[in-house]
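Have a look at upload.csv below; it lists CSV, C-alpha atoms and all ligand atoms.
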chain,number,residue,atom,x,y,z
A,29,MET,CA,-20.1,-15.7,-1.2
A,30,SER,CA,-20.1,-13.5,-4.2
A,31,LYS,CA,-18.4,-10.4,-5.5
A,32,THR,CA,-21.6,-8.4,-5.2
A,33,ALA,CA,-23.1,-6.7,-2.2
A,34,PRO,CA,-26.8,-5.9,-1.5
A,35,SER,CA,-28.1,-2.8,-3.3
A,36,ILE,CA,-29.5,-1.4,-0.1
A,37,LEU,CA,-27.7,-1.1,3.3
A,38,PRO,CA,-24.6,-3.0,2.4
A,39,THR,CA,-22.5,-3.8,5.5
A,40,THR,CA,-18.8,-3.2,5.6
A,41,VAL,CA,-16.0,-2.4,8.1
A,42,VAL,CA,-13.8,0.6,8.5
A,43,GLY,CA,-10.6,-1.4,8.2
A,44,SER,CA,-8.7,-3.0,11.0
A,45,HIS,CA,-9.8,-6.3,12.6
A,46,ALA,CA,-8.9,-7.5,16.1
A,47,TYR,CA,-5.7,-9.4,16.5
A,48,PRO,CA,-5.9,-13.0,17.5
A,49,SER,CA,-4.1,-13.6,20.8
A,50,TRP,CA,-1.5,-15.8,19.1
A,51,LEU,CA,-0.6,-12.9,16.9
A,52,TRP,CA,0.4,-10.8,19.9
A,53,THR,CA,2.7,-13.6,21.0
A,54,ALA,CA,4.1,-14.0,17.6
A,55,LEU,CA,4.8,-10.2,17.3
A,56,ASP,CA,6.8,-10.4,20.6
A,57,GLU,CA,8.8,-13.2,19.1
A,58,ILE,CA,9.4,-11.4,15.8
A,59,GLU,CA,10.5,-8.3,17.7
A,60,LYS,CA,13.1,-10.5,19.6
A,61,GLY,CA,14.4,-12.0,16.3
A,62,GLY,CA,12.9,-15.4,17.1
A,63,TYR,CA,11.3,-15.8,13.6
A,64,GLY,CA,12.8,-16.2,10.2
A,65,SER,CA,11.4,-14.3,7.1
A,66,THR,CA,9.3,-17.3,6.0
A,67,ASP,CA,7.9,-17.6,9.6
A,68,VAL,CA,7.0,-14.0,9.6
A,69,ARG,CA,5.3,-14.2,6.2
A,70,GLU,CA,3.3,-17.2,7.2
A,71,THR,CA,2.3,-15.5,10.5
A,72,PHE,CA,0.8,-12.5,8.8
A,73,ASP,CA,-0.8,-14.6,6.0
A,74,ASP,CA,-2.5,-16.6,8.7
A,75,ALA,CA,-3.6,-13.5,10.5
A,76,VAL,CA,-5.2,-12.1,7.3
A,77,MET,CA,-7.0,-15.5,6.8
A,78,ALA,CA,-8.4,-15.2,10.3
A,79,ALA,CA,-9.7,-11.7,9.6
A,80,ILE,CA,-11.3,-12.8,6.4
A,81,MET,CA,-12.9,-15.9,8.1
A,82,ASP,CA,-14.4,-13.8,10.9
A,83,GLN,CA,-15.9,-11.2,8.5
A,84,GLU,CA,-17.2,-13.9,6.1
A,85,ARG,CA,-18.7,-16.0,9.0
A,86,ALA,CA,-20.4,-12.9,10.5
A,87,GLY,CA,-21.9,-12.2,7.0
A,88,VAL,CA,-20.2,-8.8,6.3
A,89,ASP,CA,-20.9,-7.8,2.7
A,90,ILE,CA,-17.8,-5.9,1.8
A,91,ILE,CA,-14.7,-6.9,3.7
A,92,THR,CA,-11.0,-5.8,4.2
A,93,ASP,CA,-7.9,-7.8,5.0
A,94,GLY,CA,-8.3,-6.6,8.6
A,95,GLU,CA,-5.1,-4.5,8.2
A,96,MET,CA,-3.4,-7.4,9.9
A,97,ARG,CA,0.0,-6.6,8.4
A,98,ARG,CA,-0.1,-3.1,9.9
A,99,TRP,CA,0.9,-2.0,13.4
A,100,TYR,CA,-1.1,0.7,15.2
A,101,PHE,CA,-2.7,1.9,12.0
A,102,VAL,CA,0.3,3.9,10.6
A,103,GLN,CA,3.4,2.9,12.6
A,104,SER,CA,4.5,0.0,10.3
A,105,PHE,CA,4.7,2.3,7.3
A,106,TYR,CA,7.6,4.2,8.8
A,107,SER,CA,10.0,1.2,8.4
A,108,ARG,CA,9.4,1.5,4.6
A,109,MET,CA,10.5,5.1,4.4
A,110,SER,CA,14.0,6.4,3.8
A,111,ASN,CA,15.5,9.4,5.6
A,112,ILE,CA,13.4,9.2,8.8
A,113,VAL,CA,14.9,8.3,12.1
A,114,GLU,CA,13.6,7.6,15.6
A,115,ASP,CA,13.5,10.2,18.3
A,116,PRO,CA,14.3,9.3,21.9
A,117,PRO,CA,11.2,7.7,23.4
A,118,LEU,CA,8.7,10.1,24.9
A,119,ARG,CA,7.4,7.6,27.3
A,120,LYS,CA,8.5,4.1,28.3
A,121,VAL,CA,6.1,3.5,31.1
A,122,GLY,CA,2.5,4.1,32.0
A,123,LEU,CA,-0.7,3.8,30.1
A,124,TYR,CA,-0.4,3.7,26.3
A,125,GLY,CA,-2.0,6.9,25.0
A,126,TYR,CA,-1.6,9.6,22.4
A,127,ASP,CA,1.6,10.8,24.1
A,128,SER,CA,3.2,7.3,23.8
A,129,PRO,CA,3.9,6.4,20.2
A,130,GLN,CA,7.4,6.5,18.8
A,131,ARG,CA,8.2,9.8,17.2
A,132,TYR,CA,10.5,10.3,14.1
A,133,HIS,CA,12.1,13.2,12.4
A,134,THR,CA,13.4,13.6,8.8
A,135,THR,CA,17.0,13.7,7.9
A,136,GLY,CA,16.4,14.6,4.2
A,137,ARG,CA,13.8,14.2,1.5
A,138,VAL,CA,11.7,11.1,2.4
A,139,SER,CA,11.1,8.4,-0.2
A,140,VAL,CA,9.2,5.1,0.0
A,141,PRO,CA,11.2,3.0,-2.5
A,142,GLN,CA,9.2,-0.2,-2.2
A,143,GLY,CA,5.8,1.5,-2.0
A,144,LEU,CA,3.5,1.3,1.0
A,145,GLY,CA,2.8,-2.4,0.5
A,146,ILE,CA,-1.0,-2.0,0.0
A,147,VAL,CA,-0.9,-3.4,-3.5
A,148,GLU,CA,0.6,-6.6,-2.1
A,149,GLU,CA,-2.0,-6.6,0.6
A,150,TYR,CA,-4.7,-6.4,-2.0
A,151,GLU,CA,-3.3,-9.1,-4.2
A,152,PHE,CA,-3.0,-11.6,-1.4
A,153,THR,CA,-6.5,-10.9,-0.1
A,154,ARG,CA,-8.2,-10.9,-3.6
A,155,ARG,CA,-6.9,-14.5,-4.1
A,156,ARG,CA,-8.5,-15.7,-0.9
A,157,THR,CA,-12.0,-14.5,-0.8
A,158,ASP,CA,-14.9,-14.0,-3.3
A,159,LYS,CA,-16.4,-11.2,-1.2
A,160,PRO,CA,-16.2,-7.6,-2.5
A,161,LEU,CA,-13.2,-5.9,-1.0
A,162,LYS,CA,-12.5,-2.4,0.3
A,163,LEU,CA,-8.8,-1.3,0.5
A,164,THR,CA,-7.8,1.3,3.1
A,165,CYS,CA,-4.9,3.7,3.2
A,166,PRO,CA,-4.0,6.5,5.7
A,167,GLY,CA,-4.2,9.9,4.1
A,168,PRO,CA,-1.1,12.1,4.0
A,169,LEU,CA,-1.9,14.1,7.1
A,170,THR,CA,-2.5,11.0,9.1
A,171,LEU,CA,0.5,9.2,7.7
A,172,THR,CA,2.8,11.9,8.9
A,173,MET,CA,1.2,11.9,12.4
A,174,HIS,CA,4.3,10.8,14.2
A,175,VAL,CA,7.0,12.5,12.0
A,176,ARG,CA,8.4,15.9,12.8
A,177,PRO,CA,10.0,17.9,10.0
A,178,GLY,CA,13.8,17.9,10.3
A,179,GLU,CA,16.1,18.2,7.3
A,180,GLY,CA,14.3,18.6,3.9
A,181,TYR,CA,11.0,20.0,5.1
A,182,SER,CA,9.8,23.3,6.5
A,183,SER,CA,6.7,22.0,8.1
A,184,ARG,CA,4.6,18.9,8.6
A,185,LEU,CA,2.3,20.0,5.9
A,186,ASP,CA,5.3,20.2,3.5
A,187,LEU,CA,6.1,16.6,4.4
A,188,ALA,CA,2.4,15.7,4.0
A,189,TRP,CA,2.4,17.0,0.4
A,190,GLU,CA,5.4,14.7,-0.3
A,191,MET,CA,3.4,11.8,1.1
A,192,ALA,CA,0.3,12.8,-1.0
A,193,ALA,CA,2.4,12.0,-4.1
A,194,VAL,CA,3.6,8.7,-2.6
A,195,ILE,CA,0.1,7.6,-1.7
A,196,ASN,CA,-1.2,8.8,-5.1
A,197,GLY,CA,1.2,6.4,-6.8
A,198,GLU,CA,0.2,3.6,-4.5
A,199,LEU,CA,-3.6,4.2,-5.1
A,200,LYS,CA,-3.1,4.3,-8.9
A,201,ALA,CA,-1.2,1.0,-8.7
A,202,LEU,CA,-4.0,-0.4,-6.6
A,203,ALA,CA,-6.7,0.6,-9.1
A,204,ASP,CA,-4.6,-0.9,-11.9
A,205,ALA,CA,-4.3,-4.1,-9.9
A,206,GLY,CA,-8.1,-4.3,-9.8
A,207,ALA,CA,-9.1,-2.6,-6.5
A,208,ASP,CA,-12.4,-0.8,-7.2
A,209,TYR,CA,-13.3,0.6,-3.7
A,210,ILE,CA,-10.6,2.5,-1.8
A,211,GLN,CA,-11.0,4.3,1.5
A,212,ILE,CA,-8.6,7.1,2.7
A,213,ASP,CA,-8.4,7.5,6.4
A,214,GLU,CA,-7.9,11.0,7.8
A,215,PRO,CA,-8.7,11.1,11.5
A,216,SER,CA,-6.2,13.9,11.7
A,217,PHE,CA,-8.8,16.1,10.1
A,218,ALA,CA,-10.6,16.0,13.4
A,219,VAL,CA,-7.7,15.9,15.9
A,220,ILE,CA,-5.5,18.7,14.5
A,221,PRO,CA,-7.5,21.9,14.5
A,222,GLY,CA,-6.3,24.0,11.6
A,223,GLU,CA,-6.5,24.5,7.9
A,224,LEU,CA,-9.3,22.2,6.7
A,225,ASN,CA,-9.3,23.8,3.2
A,226,GLU,CA,-5.6,23.1,2.7
A,227,TRP,CA,-6.2,19.5,3.9
A,228,VAL,CA,-9.0,19.1,1.4
A,229,ARG,CA,-6.6,20.2,-1.4
A,230,LEU,CA,-4.1,17.7,0.0
A,231,TYR,CA,-6.7,14.9,0.0
A,232,ASN,CA,-7.8,15.8,-3.6
A,233,ALA,CA,-4.2,15.7,-4.8
A,234,THR,CA,-3.8,12.3,-3.1
A,235,VAL,CA,-6.7,10.8,-5.1
A,236,GLU,CA,-6.1,12.6,-8.3
A,237,GLY,CA,-6.5,10.4,-11.3
A,238,VAL,CA,-7.4,7.3,-9.2
A,239,ASP,CA,-9.9,5.2,-11.0
A,240,ALA,CA,-11.9,3.6,-8.2
A,241,LYS,CA,-14.8,4.3,-5.9
A,242,LEU,CA,-13.4,6.6,-3.2
A,243,ALA,CA,-14.4,6.8,0.4
A,244,LEU,CA,-13.0,9.2,3.0
A,245,HIS,CA,-13.1,8.2,6.6
A,246,VAL,CA,-12.9,10.9,9.2
A,247,CYS,CA,-13.2,9.9,12.9
A,248,PHE,CA,-12.1,11.4,16.2
A,249,GLY,CA,-9.3,9.0,16.9
A,250,ASN,CA,-9.2,5.5,18.5
A,251,LEU,CA,-5.9,4.9,20.2
A,252,SER,CA,-6.4,2.6,23.2
A,253,SER,CA,-10.1,3.1,22.5
A,254,ARG,CA,-9.9,6.8,23.3
A,255,PRO,CA,-11.1,9.6,21.0
A,256,ARG,CA,-8.8,12.5,20.6
A,257,GLY,CA,-10.6,15.2,18.7
A,258,LYS,CA,-13.6,17.4,19.7
A,259,ARG,CA,-16.3,15.0,18.7
A,260,THR,CA,-18.3,17.0,16.2
A,261,TYR,CA,-18.4,17.1,12.4
A,262,GLU,CA,-20.5,20.3,12.0
A,263,TRP,CA,-17.5,22.6,11.6
A,264,MET,CA,-16.0,20.5,8.8
A,265,PHE,CA,-18.9,21.3,6.5
A,266,PRO,CA,-19.2,22.4,3.7
A,267,ALA,CA,-15.4,21.9,3.2
A,268,LEU,CA,-15.7,18.1,3.3
A,269,LEU,CA,-18.0,18.3,0.3
A,270,ASP,CA,-15.2,19.7,-1.7
A,271,THR,CA,-13.3,16.4,-1.4
A,272,ARG,CA,-13.4,14.2,-4.5
A,273,SER,CA,-15.1,11.3,-2.6
A,274,ASP,CA,-18.0,9.1,-3.5
A,275,GLN,CA,-18.6,8.4,0.1
A,276,LEU,CA,-17.9,9.8,3.6
A,277,VAL,CA,-17.5,7.3,6.4
A,278,LEU,CA,-18.3,8.9,9.7
A,279,GLU,CA,-18.7,7.8,13.3
A,280,PHE,CA,-22.0,8.1,15.2
A,281,ALA,CA,-22.5,5.1,17.6
A,282,ASN,CA,-19.9,6.2,20.2
A,283,ARG,CA,-21.7,9.6,20.4
A,284,GLU,CA,-25.1,7.8,20.8
A,285,MET,CA,-26.0,9.0,17.3
A,286,LYS,CA,-25.3,12.7,18.0
A,287,GLU,CA,-25.4,14.6,14.6
A,288,SER,CA,-27.3,11.8,12.9
A,289,GLY,CA,-29.4,14.5,11.4
A,290,LEU,CA,-26.5,16.7,10.3
A,291,TRP,CA,-26.3,15.0,6.8
A,292,GLY,CA,-29.8,16.2,6.1
A,293,GLU,CA,-28.7,19.8,6.5
A,294,VAL,CA,-25.2,19.7,5.1
A,295,GLY,CA,-25.0,16.6,2.9
A,296,ASP,CA,-25.3,16.1,-0.8
A,297,GLU,CA,-25.9,13.2,-3.2
A,298,ARG,CA,-22.9,11.2,-2.3
A,299,GLU,CA,-23.1,8.0,-0.1
A,300,LEU,CA,-22.7,8.0,3.6
A,301,GLY,CA,-21.0,5.2,5.5
A,302,ALA,CA,-22.5,5.6,9.0
A,303,GLY,CA,-20.9,4.1,12.1
A,304,VAL,CA,-23.6,2.2,14.0
A,305,ILE,CA,-21.3,-0.1,16.0
A,306,ASP,CA,-19.4,1.5,18.9
A,307,VAL,CA,-15.8,0.1,18.6
A,308,LYS,CA,-14.8,1.8,21.9
A,309,SER,CA,-17.3,0.1,24.1
A,310,PHE,CA,-17.5,-3.5,25.5
A,311,TYR,CA,-21.3,-3.2,25.2
A,312,VAL,CA,-22.3,-5.7,22.5
A,313,GLU,CA,-25.0,-4.1,20.5
A,314,ARG,CA,-28.2,-6.2,19.9
A,315,PRO,CA,-29.4,-6.4,16.3
A,316,GLU,CA,-32.3,-4.2,17.5
A,317,ASP,CA,-29.9,-1.5,18.7
A,318,VAL,CA,-28.2,-1.5,15.3
A,319,ALA,CA,-31.6,-1.5,13.5
A,320,GLU,CA,-32.7,1.5,15.5
A,321,ARG,CA,-29.5,3.4,14.6
A,322,ILE,CA,-29.9,2.6,11.0
A,323,ARG,CA,-33.5,3.9,11.1
A,324,GLU,CA,-32.2,7.0,12.6
A,325,MET,CA,-29.8,7.5,9.7
A,326,LEU,CA,-32.5,6.7,7.2
A,327,LYS,CA,-34.3,9.9,8.2
A,328,VAL,CA,-31.6,11.8,6.2
A,329,VAL,CA,-30.1,9.2,3.8
A,330,GLU,CA,-31.7,7.1,1.1
A,331,PRO,CA,-31.3,3.4,1.8
A,332,GLU,CA,-29.4,3.1,-1.6
A,333,LYS,CA,-26.9,5.6,-0.3
A,334,LEU,CA,-26.4,4.3,3.2
A,335,TYR,CA,-23.5,2.0,4.0
A,336,VAL,CA,-23.7,0.2,7.4
A,337,SER,CA,-20.4,0.3,9.2
A,338,PRO,CA,-18.7,0.3,12.6
A,339,ASP,CA,-17.4,3.7,13.8
A,340,CYS,CA,-13.8,2.9,13.2
A,341,GLY,CA,-11.4,-0.1,13.1
A,342,PHE,CA,-11.5,-3.0,15.6
A,343,PHE,CA,-7.8,-3.1,16.4
A,344,GLN,CA,-8.3,-2.0,19.9
A,345,LEU,CA,-11.0,-4.6,20.8
A,346,PRO,CA,-10.7,-8.3,21.6
A,347,ARG,CA,-11.5,-10.6,18.8
A,348,TRP,CA,-14.5,-12.3,20.4
A,349,ILE,CA,-16.2,-9.0,21.0
A,350,THR,CA,-15.4,-7.8,17.5
A,351,TYR,CA,-17.0,-10.9,16.1
A,352,LEU,CA,-20.2,-10.5,18.1
A,353,LYS,CA,-20.4,-6.8,17.1
A,354,LEU,CA,-20.0,-7.7,13.4
A,355,GLU,CA,-22.7,-10.3,13.7
A,356,ALA,CA,-25.1,-7.8,15.4
A,357,MET,CA,-24.3,-5.3,12.6
A,358,VAL,CA,-25.2,-7.7,9.9
A,359,LYS,CA,-28.4,-8.9,11.6
A,360,GLY,CA,-29.4,-5.3,12.4
A,361,ALA,CA,-29.0,-4.3,8.7
A,362,LYS,CA,-31.0,-7.4,7.7
A,363,LEU,CA,-33.9,-6.4,9.9
A,364,VAL,CA,-34.1,-3.0,8.4
A,365,ARG,CA,-33.6,-4.3,4.8
A,366,GLN,CA,-36.6,-6.7,5.4
A,367,GLU,CA,-38.7,-3.8,6.7
A,368,LEU,CA,-37.9,-1.7,3.7
A,369,GLU,CA,-38.6,-4.6,1.3
A,370,GLY,CA,-41.9,-5.3,3.1
A,371,ALA,CA,-42.9,-1.7,2.7
A,372,ARG,CA,-42.3,-1.6,-1.0
A,401,ZN,ZN,-11.4,5.8,12.5

Written as structure tokens, that's how I'd like the structure from this file.
Amino acid sequence: MSKTAPSILPTTVVGSHAYPSWLWTALDEIEKGGYGSTDVRETFDDAVMAAIMDQERAGVDIITDGEMRRWYFVQSFYSRMSNIVEDPPLRKVGLYGYDSPQRYHTTGRVSVPQGLGIVEEYEFTRRRTDKPLKLTCPGPLTLTMHVRPGEGYSSRLDLAWEMAAVINGELKALADAGADYIQIDEPSFAVIPGELNEWVRLYNATVEGVDAKLALHVCFGNLSSRPRGKRTYEWMFPALLDTRSDQLVLEFANREMKESGLWGEVGDERELGAGVIDVKSFYVERPEDVAERIREMLKVVEPEKLYVSPDCGFFQLPRWITYLKLEAMVKGAKLVRQELEGAR
């Protein structure tokens, strides 16, 4: 375990890890008021430790805290915001899907007085592993996904600009605390057809002045393991190249590597994090499957520029499958690394 990753084909994750079964039980108990504040803190600390342990044991090079303190990607952030209130539920029964999450509306200008909590996530995790870390944060468009403009804002975009300033403060504090690799998640780029150029400006304002390696993750959605957007990246280029990012993190495995060659036509010198593990399927990839997918990507990306990754977070998969998939990813990357080293 060290704070360095291999110089070619480093493996990493997109962010979230699978919840252990006991955490689901604990969350029910917390919701019912059955836990005190120390109980709650210990529960989430233990959950992060489980995520770290799984990633380390699988041999992932650059890990995260598993986003174990977050609920459904963005929903836990709303409790930290002032001047937003819950709408009446849209659905109370039926399958949980994109029409299910709690909606909110604003009752005035929104502020986040205690910050988003990501600095605290970083500080806890940094003390508990020697592995290189990646920190993740939803982008402003995605963070406002479940909030409708009420008082104080003329549109969702207006609110997203407010959140861009909030996130920018959080990211600068993260970099000051020592985080050197930060990923912004904007699946909303793909699921809300609209003004990509405006969103790129929004993203750039979000990361302005942030002194860290910056990755931008754009996927097609992963609620209940379902995608939401039209699953193609082609239309987003060249606009995505105008983002101030050192790396784009994109999904390929769930589309059986469709558009794996796109980067060769539209890409530039920046790094590509390529999803070679399908987080929406119970099929457990063999290391050979992963190696084949990596070789496919290497037709258009230099091995020094290719980060090996799952398509998206693992929150919607069981923990045992998540572990097997991580292990296969690491072994697959190792196979290709050995081939490349043998050929040199
Ligand atoms: Zn994703």

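The two atoms in question, atom CA of Thr350 of chain A and atom CA of Gln130 of chain A, are spaced 26.9 Å apart.
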
For Ala33 of chain A, the closest of A:Asp67, A:Gln142, A:His174, A:Glu332 counting all atoms listed in the file is A:Glu332

Could you list, with a cut-off of 10 Å and counting all atoms listed in the file, the residues of chain A near ligand ZN 401 (chain A), each shown with its nearest atom pair and the distance in Å rounded to one decimal, rows sorted by chain and ascending number, as a Markdown table?
| residue | atom | partner | partner_atom | distance |
| --- | --- | --- | --- | --- |
| A:Val42 | CA | A:ZN401 | ZN | 7.0 |
| A:Gly43 | CA | A:ZN401 | ZN | 8.4 |
| A:Ser44 | CA | A:ZN401 | ZN | 9.3 |
| A:Phe101 | CA | A:ZN401 | ZN | 9.5 |
| A:Asp213 | CA | A:ZN401 | ZN | 7.0 |
| A:Glu214 | CA | A:ZN401 | ZN | 7.8 |
| A:Pro215 | CA | A:ZN401 | ZN | 6.0 |
| A:Ser216 | CA | A:ZN401 | ZN | 9.7 |
| A:His245 | CA | A:ZN401 | ZN | 6.6 |
| A:Val246 | CA | A:ZN401 | ZN | 6.3 |
| A:Cys247 | CA | A:ZN401 | ZN | 4.5 |
| A:Phe248 | CA | A:ZN401 | ZN | 6.7 |
| A:Gly249 | CA | A:ZN401 | ZN | 5.8 |
| A:Asn250 | CA | A:ZN401 | ZN | 6.4 |
| A:Leu251 | CA | A:ZN401 | ZN | 9.5 |
| A:Pro255 | CA | A:ZN401 | ZN | 9.3 |
| A:Val277 | CA | A:ZN401 | ZN | 8.8 |
| A:Leu278 | CA | A:ZN401 | ZN | 8.1 |
| A:Glu279 | CA | A:ZN401 | ZN | 7.6 |
| A:Gly303 | CA | A:ZN401 | ZN | 9.7 |
| A:Val307 | CA | A:ZN401 | ZN | 9.4 |
| A:Pro338 | CA | A:ZN401 | ZN | 9.1 |
| A:Asp339 | CA | A:ZN401 | ZN | 6.5 |
| A:Cys340 | CA | A:ZN401 | ZN | 3.8 |
| A:Gly341 | CA | A:ZN401 | ZN | 5.9 |
| A:Phe342 | CA | A:ZN401 | ZN | 9.3 |

Quick one: distance from atom CA of Val364 of chain A to atom CA of Val329 of chain A in Å, one decimal? 13.6 Å

Out of A:Val194, A:Leu118, A:Lys162, A:Ser182, which residue has the shortest atom-to-atom distance to Pro141 of chain A when counting all atoms listed in the file?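 Closest residue, counting all atoms listed in the file: A:Val194.
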
Return the single residue from A:Pro48, A:Pro34, A:Gly87, A:Gly125 that is closest to Ile349 of chain A, with distances computed using only C-alpha atoms.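 Checking each of A:Pro48, A:Pro34, A:Gly87, A:Gly125 against Ile349 of chain A, counting only C-alpha atoms, the winner is A:Pro48.
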